[in-house]
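Everything below concerns the one structure shown next.
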Amino acid sequence: MKHMPSLPTEAPRVDRLPPESRGSRRLRACQECDWVVALPPLRAGEQADCPRCGHPLIKRHLRPAQRSMALALSALLALAMALSFPFISFSVGGVGNRIDLSQTATTLIGFHQPVVAGAVILTIIVLPALYLLSVIWLQLGLLRDDPLPASHTIARSLAHLNPWMMADVFIIGALVSLIKIAGMAQIELGVSFWAFCAFAVLLLFTTQSIDADWMWFSLAGEPRAPEGTRTGETAAPQGLAGCATCGLINRLEPGGRGRCRRCGERLRIRLPHSLQRTWALLAAATVMYIPANVYPIMTTISLGHSSPSTIIGGVVELVQMGSWPVAAVIFIASVIVPVGKLVALAWLCLVVSRSSELNAAARTRLYRVTEFIGRWSMIDIFVVAILVSLIRAGSLMSITPGPAALAFGAMVVITMLAAMTFDPRLLWDAPLPRRNARRDPLDAQQNAPGTPQHSPGILKDPQGIADE
């Protein structure tokens with residue numbers, strides 16, 4: 001009788017040794033207020049938040065490697081199906097057209113819009129596929145108890161890819177496009193459309209399933225916190241910085257720079273020239289916003305008659321058609337959100353020097369909202385991409401992209417970069433005394449009075465000194 005190989009009886013190391021198995025305390029420095037806290041032991045489904053600003057520090061999942069692996073494989077399969085079948089088709093007056101998902105980007109190249117085409121294909125296909133493959137590569141190595149080559153580099157890239165994946169925004173853009181042309185032509189949704197909807201949902205679940213704390217602990221363990229690290233204080237006056245990628249607290253060099261001991265990420269006591277860079281990007285976004293609204297974003301040709309449409313004109317047209325909900329979505333995403341983001345970031349830059357712990361929490365919440373909503377302004381770009389590729393019936397009916405598409409897309413990207421360059425920890429730094437501001441800002445922060453109370457759920461060490 002042939003001997004059959006037996007299944008492994010022992011769970012993979014990633015399950016046997018969770019971060020809670022480490023005997024000594026694990027410390028973290030909040031990336032939004034710089035508060036040093038000790039993480040409590042967590043069970044599956046529990047989350048640890050910063051007691052000072054409420055920023056989520058870690059969230060524990062049950063079997064995180066298996067969960068992320070399964071979701072990533074499912075999402076990748078759904079994306080493959082979305083690329084293999086027809087996406088949307090339309091017909092009007094006996095003339096019709098059918099497009100694949102990739103044509104929503106490639107068609108723009110024929111209209112001399114390669115930059116917009118590149119942005120569309122990157123945000124809805126290339127970057128999500130790269131993210132999913134990276135997750136599968138990482139989790140496969142962890143489940144084999146032997147991390148695969150380049151796992152550290154790939155793990156570092158996950159957090160940087162996340163903001164630029166916009167499959168969910170593309171779905172909303174597709175729905176808006178369908179409503180716009182539903183009264184003019186007959187629309188048929190292909191298998192690809194439903195597969196892409198499933199892909200967008202699975203991609204969202206995959207990103208939320210990543211337990212970065214557990215993943216980095218399984219990849220490289222966790223070195224002890226630097227000697228003398230005190231909880232219940234900010235990290236900067238102690239010469240420390242928390243890694244935004246893996247979370248580990250590190251001792252900085254005298255110049256306020258360094259590299260993470262675990263993942264190799266570059267560390268700074270604060271983002272260099274944060275306010276200057278944010279102001280410069282806000283100025284560039286404001287300049288781009290003018291042509292984005294003055295010039296037409298697309299031109300509709302119907303029976304030989306050309307009708308250019310600006311962003312506001314498109315909203316008015318939807319209102320006249322009776323599509324109030326869709327008009328509200330476009331108006332909020334394309335007008336309210338960009339302007340609100342510019343105003344909010346400019347205001348945050350102005351009040352940094354006058355911020356205190358009494359109002360820093362509210363201003364940090366404003367920053368979180370500003371950072372989250374910025375990507376949703378891409379709805380208009382995706383609407384243009386879908387309509388231009390789909391509505392191609394010659395003089396009977398066709399749509400071409402306008403010059404405002406590039407300007408509006410550039411403005412969206414620039415405002416996202418502006419939010420990334422703004423360092424919210426500046427809102428929590430104590431204002432510098434005028435007589436000391438020109439001497440040593442770090443010393444001035446060390447002498448700042450007052451420390452807030454801890455909220456329940458985060459352990460506080462009575463001695464405040466890291467275990468050695």
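Each chain in the structure tokens gets a letter, A, B, ..., in the order shown, and its residues are numbered from 1; ligands are numbered from 1 in order too.
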
May I have the residues within 9 Å of segment 308-322 of chain A as a PyMOL selection string, using only C-alpha atoms and disregarding those fewer than 3 positions away in the same chain?
chain A and resi 180+183+292-301+325-328+330-331+334-335+380+402+404

Surrounding residues of Arg266 of chain A excluding itself and chain neighbours under 5 positions, 12 Å, only C-alpha atoms, as a list of chain:residue names
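Near Arg266 of chain A, the qualifying residues are A:Arg156, A:Ala241, A:Gly242, A:Cys243, A:Ala244, A:Thr245, A:Cys246, A:Asn250, A:Leu252, A:Glu253, A:Gly256, A:Arg257, A:Gly258, A:Arg259, A:Cys260, A:Arg261, A:Leu271, A:Pro272.
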
If you keep all heavy atoms, can you produce a file of those selected residues as a short mmCIF file (atom, residue, chain, number, x, y, z; two decimals), in the first residue's frame?
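Written output follows (part_21.cif):
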```cif
data_model
loop_
_atom_site.label_atom_id
_atom_site.label_comp_id
_atom_site.auth_asym_id
_atom_site.auth_seq_id
_atom_site.Cartn_x
_atom_site.Cartn_y
_atom_site.Cartn_z
N ARG A 156 7.14 46.70 3.35
CA ARG A 156 7.23 48.16 3.47
C ARG A 156 6.38 48.86 2.43
O ARG A 156 5.86 49.96 2.66
CB ARG A 156 8.68 48.61 3.34
CG ARG A 156 9.55 48.33 4.56
CD ARG A 156 10.99 48.68 4.29
NE ARG A 156 11.14 50.05 3.80
CZ ARG A 156 12.28 50.56 3.33
NH1 ARG A 156 13.35 49.79 3.28
NH2 ARG A 156 12.34 51.80 2.92
N ALA A 241 11.43 58.10 17.82
CA ALA A 241 10.44 58.22 16.75
C ALA A 241 9.85 56.84 16.49
O ALA A 241 10.58 55.84 16.50
CB ALA A 241 11.05 58.79 15.47
N GLY A 242 8.56 56.80 16.28
CA GLY A 242 7.90 55.55 15.93
C GLY A 242 7.89 55.37 14.43
O GLY A 242 7.64 56.32 13.67
N CYS A 243 8.15 54.16 13.97
CA CYS A 243 8.17 53.88 12.54
C CYS A 243 6.74 53.83 12.01
O CYS A 243 5.91 53.11 12.55
CB CYS A 243 8.88 52.55 12.28
SG CYS A 243 8.93 52.09 10.53
N ALA A 244 6.46 54.59 10.96
CA ALA A 244 5.12 54.61 10.39
C ALA A 244 4.80 53.32 9.64
O ALA A 244 3.63 53.03 9.39
CB ALA A 244 4.99 55.80 9.44
N THR A 245 5.81 52.53 9.30
CA THR A 245 5.60 51.30 8.54
C THR A 245 5.37 50.10 9.43
O THR A 245 4.39 49.37 9.28
CB THR A 245 6.79 51.04 7.60
OG1 THR A 245 6.93 52.14 6.70
CG2 THR A 245 6.60 49.76 6.82
N CYS A 246 6.27 49.86 10.38
CA CYS A 246 6.15 48.67 11.23
C CYS A 246 5.80 49.00 12.67
O CYS A 246 5.50 48.09 13.45
CB CYS A 246 7.44 47.85 11.18
SG CYS A 246 8.84 48.60 12.06
N ASN A 250 12.23 53.76 17.79
CA ASN A 250 13.67 53.78 17.56
C ASN A 250 14.30 55.03 18.16
O ASN A 250 13.66 56.08 18.23
CB ASN A 250 13.97 53.76 16.05
CG ASN A 250 13.52 52.48 15.38
OD1 ASN A 250 14.29 51.55 15.20
ND2 ASN A 250 12.25 52.43 14.98
N LEU A 252 16.73 58.05 17.74
CA LEU A 252 17.22 58.83 16.60
C LEU A 252 18.64 59.32 16.85
O LEU A 252 19.10 59.42 17.99
CB LEU A 252 16.30 60.03 16.35
CG LEU A 252 14.86 59.69 15.93
CD1 LEU A 252 14.06 60.97 15.80
CD2 LEU A 252 14.83 58.91 14.64
N GLU A 253 19.31 59.64 15.77
CA GLU A 253 20.64 60.24 15.86
C GLU A 253 20.50 61.67 16.36
O GLU A 253 19.41 62.24 16.36
CB GLU A 253 21.31 60.20 14.48
CG GLU A 253 21.49 58.78 13.94
CD GLU A 253 21.98 58.79 12.51
OE1 GLU A 253 22.15 59.89 11.95
OE2 GLU A 253 22.18 57.69 11.95
N GLY A 256 18.26 64.18 14.64
CA GLY A 256 16.84 63.91 14.50
C GLY A 256 16.50 63.00 13.34
O GLY A 256 15.37 62.99 12.86
N ARG A 257 17.49 62.21 12.88
CA ARG A 257 17.26 61.29 11.77
C ARG A 257 17.68 59.89 12.19
O ARG A 257 18.32 59.68 13.21
CB ARG A 257 18.07 61.70 10.54
CG ARG A 257 17.73 63.10 10.02
CD ARG A 257 18.54 63.41 8.78
NE ARG A 257 18.24 64.73 8.26
CZ ARG A 257 18.75 65.22 7.13
NH1 ARG A 257 19.60 64.48 6.42
NH2 ARG A 257 18.42 66.43 6.72
N GLY A 258 17.29 58.92 11.37
CA GLY A 258 17.68 57.54 11.64
C GLY A 258 16.94 56.60 10.72
O GLY A 258 16.21 57.01 9.82
N ARG A 259 17.15 55.30 10.97
CA ARG A 259 16.46 54.26 10.21
C ARG A 259 15.90 53.23 11.19
O ARG A 259 16.51 52.96 12.23
CB ARG A 259 17.37 53.59 9.20
CG ARG A 259 17.62 54.43 7.96
CD ARG A 259 18.24 53.62 6.84
NE ARG A 259 18.42 54.41 5.63
CZ ARG A 259 17.50 54.57 4.69
NH1 ARG A 259 16.32 53.97 4.83
NH2 ARG A 259 17.74 55.30 3.63
N CYS A 260 14.76 52.68 10.84
CA CYS A 260 14.12 51.70 11.70
C CYS A 260 14.99 50.45 11.79
O CYS A 260 15.47 49.94 10.78
CB CYS A 260 12.74 51.35 11.16
SG CYS A 260 11.86 50.12 12.14
N ARG A 261 15.16 49.95 13.02
CA ARG A 261 15.98 48.76 13.23
C ARG A 261 15.33 47.51 12.67
O ARG A 261 16.01 46.52 12.40
CB ARG A 261 16.23 48.56 14.73
CG ARG A 261 17.05 49.64 15.39
CD ARG A 261 17.02 49.46 16.90
NE ARG A 261 15.70 49.74 17.45
CZ ARG A 261 15.27 49.31 18.63
NH1 ARG A 261 16.05 48.52 19.36
NH2 ARG A 261 14.07 49.63 19.07
N LEU A 271 8.24 65.26 9.94
CA LEU A 271 8.42 65.30 8.50
C LEU A 271 9.14 66.58 8.12
O LEU A 271 8.73 67.68 8.51
CB LEU A 271 7.06 65.24 7.80
CG LEU A 271 6.27 63.93 7.95
CD1 LEU A 271 4.94 64.03 7.22
CD2 LEU A 271 7.08 62.75 7.42
N PRO A 272 10.23 66.49 7.34
CA PRO A 272 11.03 67.68 7.04
C PRO A 272 10.25 68.69 6.22
O PRO A 272 9.60 68.33 5.23
CB PRO A 272 12.24 67.12 6.28
CG PRO A 272 11.78 65.81 5.74
CD PRO A 272 10.79 65.27 6.73
#
```

Nearby residues (only C-alpha atoms) at most 10 Å from segment 68-76 of chain A, same-chain spacing under 5 positions excluded, as a PyMOL selection string
chain A and resi 61+63+81-82+128-140+143+195-196+198-211

For atom CA of Ser274 of chain A and atom CA of Ala235 of chain A, quote the distance in Å rounded to one decimal.
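Taking atom CA of Ser274 of chain A and atom CA of Ala235 of chain A, their separation equals 18.1 Å.
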
Can you pull out every residue from segment 58-244 of chain A that DSSP, working from the backbone, puts in helix (DSSP H, G or I), and format the result as a PyMOL selection string?
chain A and resi 64-84+103-109+114-143+151-164+167-181+191-209+212-220+236-238

Picked from segment 246-368 of chain A by DSSP as strand (DSSP E or B), as number ranges by chain
A: 249-251, 257-259, 266-268, 298-302, 305-309

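Between Gly264 of chain A and the candidates A:Arg43, A:His305, A:His152, A:Arg26, the tightest atom-to-atom separation, counting only C-alpha atoms, involves A:His152.
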
Do a neighbour search on segment 346-361 of chain A at 9 Å with only C-alpha atoms, toss out local chain neighbours closer than 3 positions, and write the hits as a tab-separated table (two decimals) with N, CA and C atoms, in the first residue's frame.
```tsv
chain	number	residue	atom	x	y	z
A	33	CYS	N	-0.09	61.95	17.11
A	33	CYS	CA	0.16	62.87	18.21
A	33	CYS	C	1.47	62.60	18.92
A	52	ARG	N	-4.58	59.43	23.70
A	52	ARG	CA	-4.50	60.88	23.61
A	52	ARG	C	-5.34	61.45	22.48
A	53	CYS	N	-5.25	60.83	21.27
A	53	CYS	CA	-5.96	61.38	20.12
A	53	CYS	C	-6.96	60.41	19.51
A	54	GLY	N	-6.97	59.15	19.97
A	54	GLY	CA	-7.92	58.18	19.44
A	54	GLY	C	-7.51	57.51	18.15
A	275	LEU	N	5.26	72.02	6.70
A	275	LEU	CA	4.37	73.14	6.37
A	275	LEU	C	4.72	73.77	5.03
A	278	THR	N	3.54	71.51	2.26
A	278	THR	CA	2.08	71.52	2.17
A	278	THR	C	1.58	72.80	1.53
A	279	TRP	N	2.14	73.95	1.93
A	279	TRP	CA	1.75	75.21	1.32
A	279	TRP	C	2.04	75.22	-0.19
A	282	LEU	N	-0.48	73.03	-1.94
A	282	LEU	CA	-1.80	73.68	-1.95
A	282	LEU	C	-1.85	74.78	-2.99
A	341	LYS	N	-11.07	70.55	0.97
A	341	LYS	CA	-9.76	70.03	1.33
A	341	LYS	C	-8.70	71.12	1.28
A	342	LEU	N	-8.77	71.98	0.26
A	342	LEU	CA	-7.81	73.09	0.17
A	342	LEU	C	-7.96	74.02	1.37
A	343	VAL	N	-9.20	74.36	1.70
A	343	VAL	CA	-9.44	75.28	2.81
A	343	VAL	C	-9.02	74.64	4.14
A	364	THR	N	-7.13	67.30	14.71
A	364	THR	CA	-6.64	66.03	14.18
A	364	THR	C	-7.76	65.27	13.50
A	365	ARG	N	-8.96	65.30	14.06
A	365	ARG	CA	-10.10	64.65	13.41
A	365	ARG	C	-10.40	65.30	12.06
A	366	LEU	N	-10.27	66.61	11.98
A	366	LEU	CA	-10.46	67.30	10.70
A	366	LEU	C	-9.42	66.84	9.69
A	367	TYR	N	-8.19	66.67	10.15
A	367	TYR	CA	-7.14	66.17	9.25
A	367	TYR	C	-7.46	64.77	8.74
A	422	PHE	N	1.61	66.89	5.19
A	422	PHE	CA	1.30	67.59	6.45
A	422	PHE	C	1.49	66.62	7.61
A	424	PRO	N	0.53	65.71	11.20
A	424	PRO	CA	-0.45	66.06	12.24
A	424	PRO	C	0.15	66.14	13.63
A	426	LEU	N	2.45	67.98	14.48
A	426	LEU	CA	2.72	69.39	14.76
A	426	LEU	C	1.57	70.05	15.51
A	427	LEU	N	0.36	69.53	15.33
A	427	LEU	CA	-0.79	70.10	16.03
A	427	LEU	C	-0.72	69.85	17.53
A	428	TRP	N	0.04	68.85	17.94
A	428	TRP	CA	0.14	68.50	19.35
A	428	TRP	C	1.40	69.03	20.01
A	429	ASP	N	2.34	69.53	19.21
A	429	ASP	CA	3.56	70.08	19.78
A	429	ASP	C	3.24	71.37	20.51
A	430	ALA	N	3.81	71.53	21.68
A	430	ALA	CA	3.56	72.74	22.47
A	430	ALA	C	4.12	73.96	21.73
A	431	PRO	N	3.38	75.09	21.72
A	431	PRO	CA	3.93	76.30	21.10
A	431	PRO	C	5.24	76.69	21.76
A	432	LEU	N	6.20	77.12	20.94
A	432	LEU	CA	7.52	77.48	21.46
A	432	LEU	C	7.48	78.84	22.14
A	452	PRO	N	-1.88	64.70	29.40
A	452	PRO	CA	-3.26	64.27	29.53
A	452	PRO	C	-3.37	62.93	30.23
```

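Among A:Cys50, A:Val115, A:Gln186, A:Arg224, the residue with the shortest atom-to-atom distance to Phe408 of chain A, counting only C-alpha atoms, is A:Val115.
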
Here is a test: counting only C-alpha atoms, which residue of A:Val169, A:Ala78, A:Leu417, A:Leu240 is nearest to Ser377 of chain A?
A:Val169

In terms of the shortest atom-to-atom distance over only C-alpha atoms, which of A:Trp194, A:Leu42, A:Ser218, A:Gln31 is closest to Pro12 of chain A?
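Among A:Trp194, A:Leu42, A:Ser218, A:Gln31, it is A:Ser218 that comes nearest to Pro12 of chain A.
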
Neighbour list for segment 108-111 of chain A as a VMD selection string, cut-off 12 Å, only C-alpha atoms, skip fewer than 3 positions in-chain
chain A and resid 102 to 105 114 to 121 298 to 299 381 to 382 384 to 390 399 to 403 405 to 406

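Atom to atom, atom CA of Phe90 of chain A and atom CA of Ala185 of chain A stand 6.3 Å apart.
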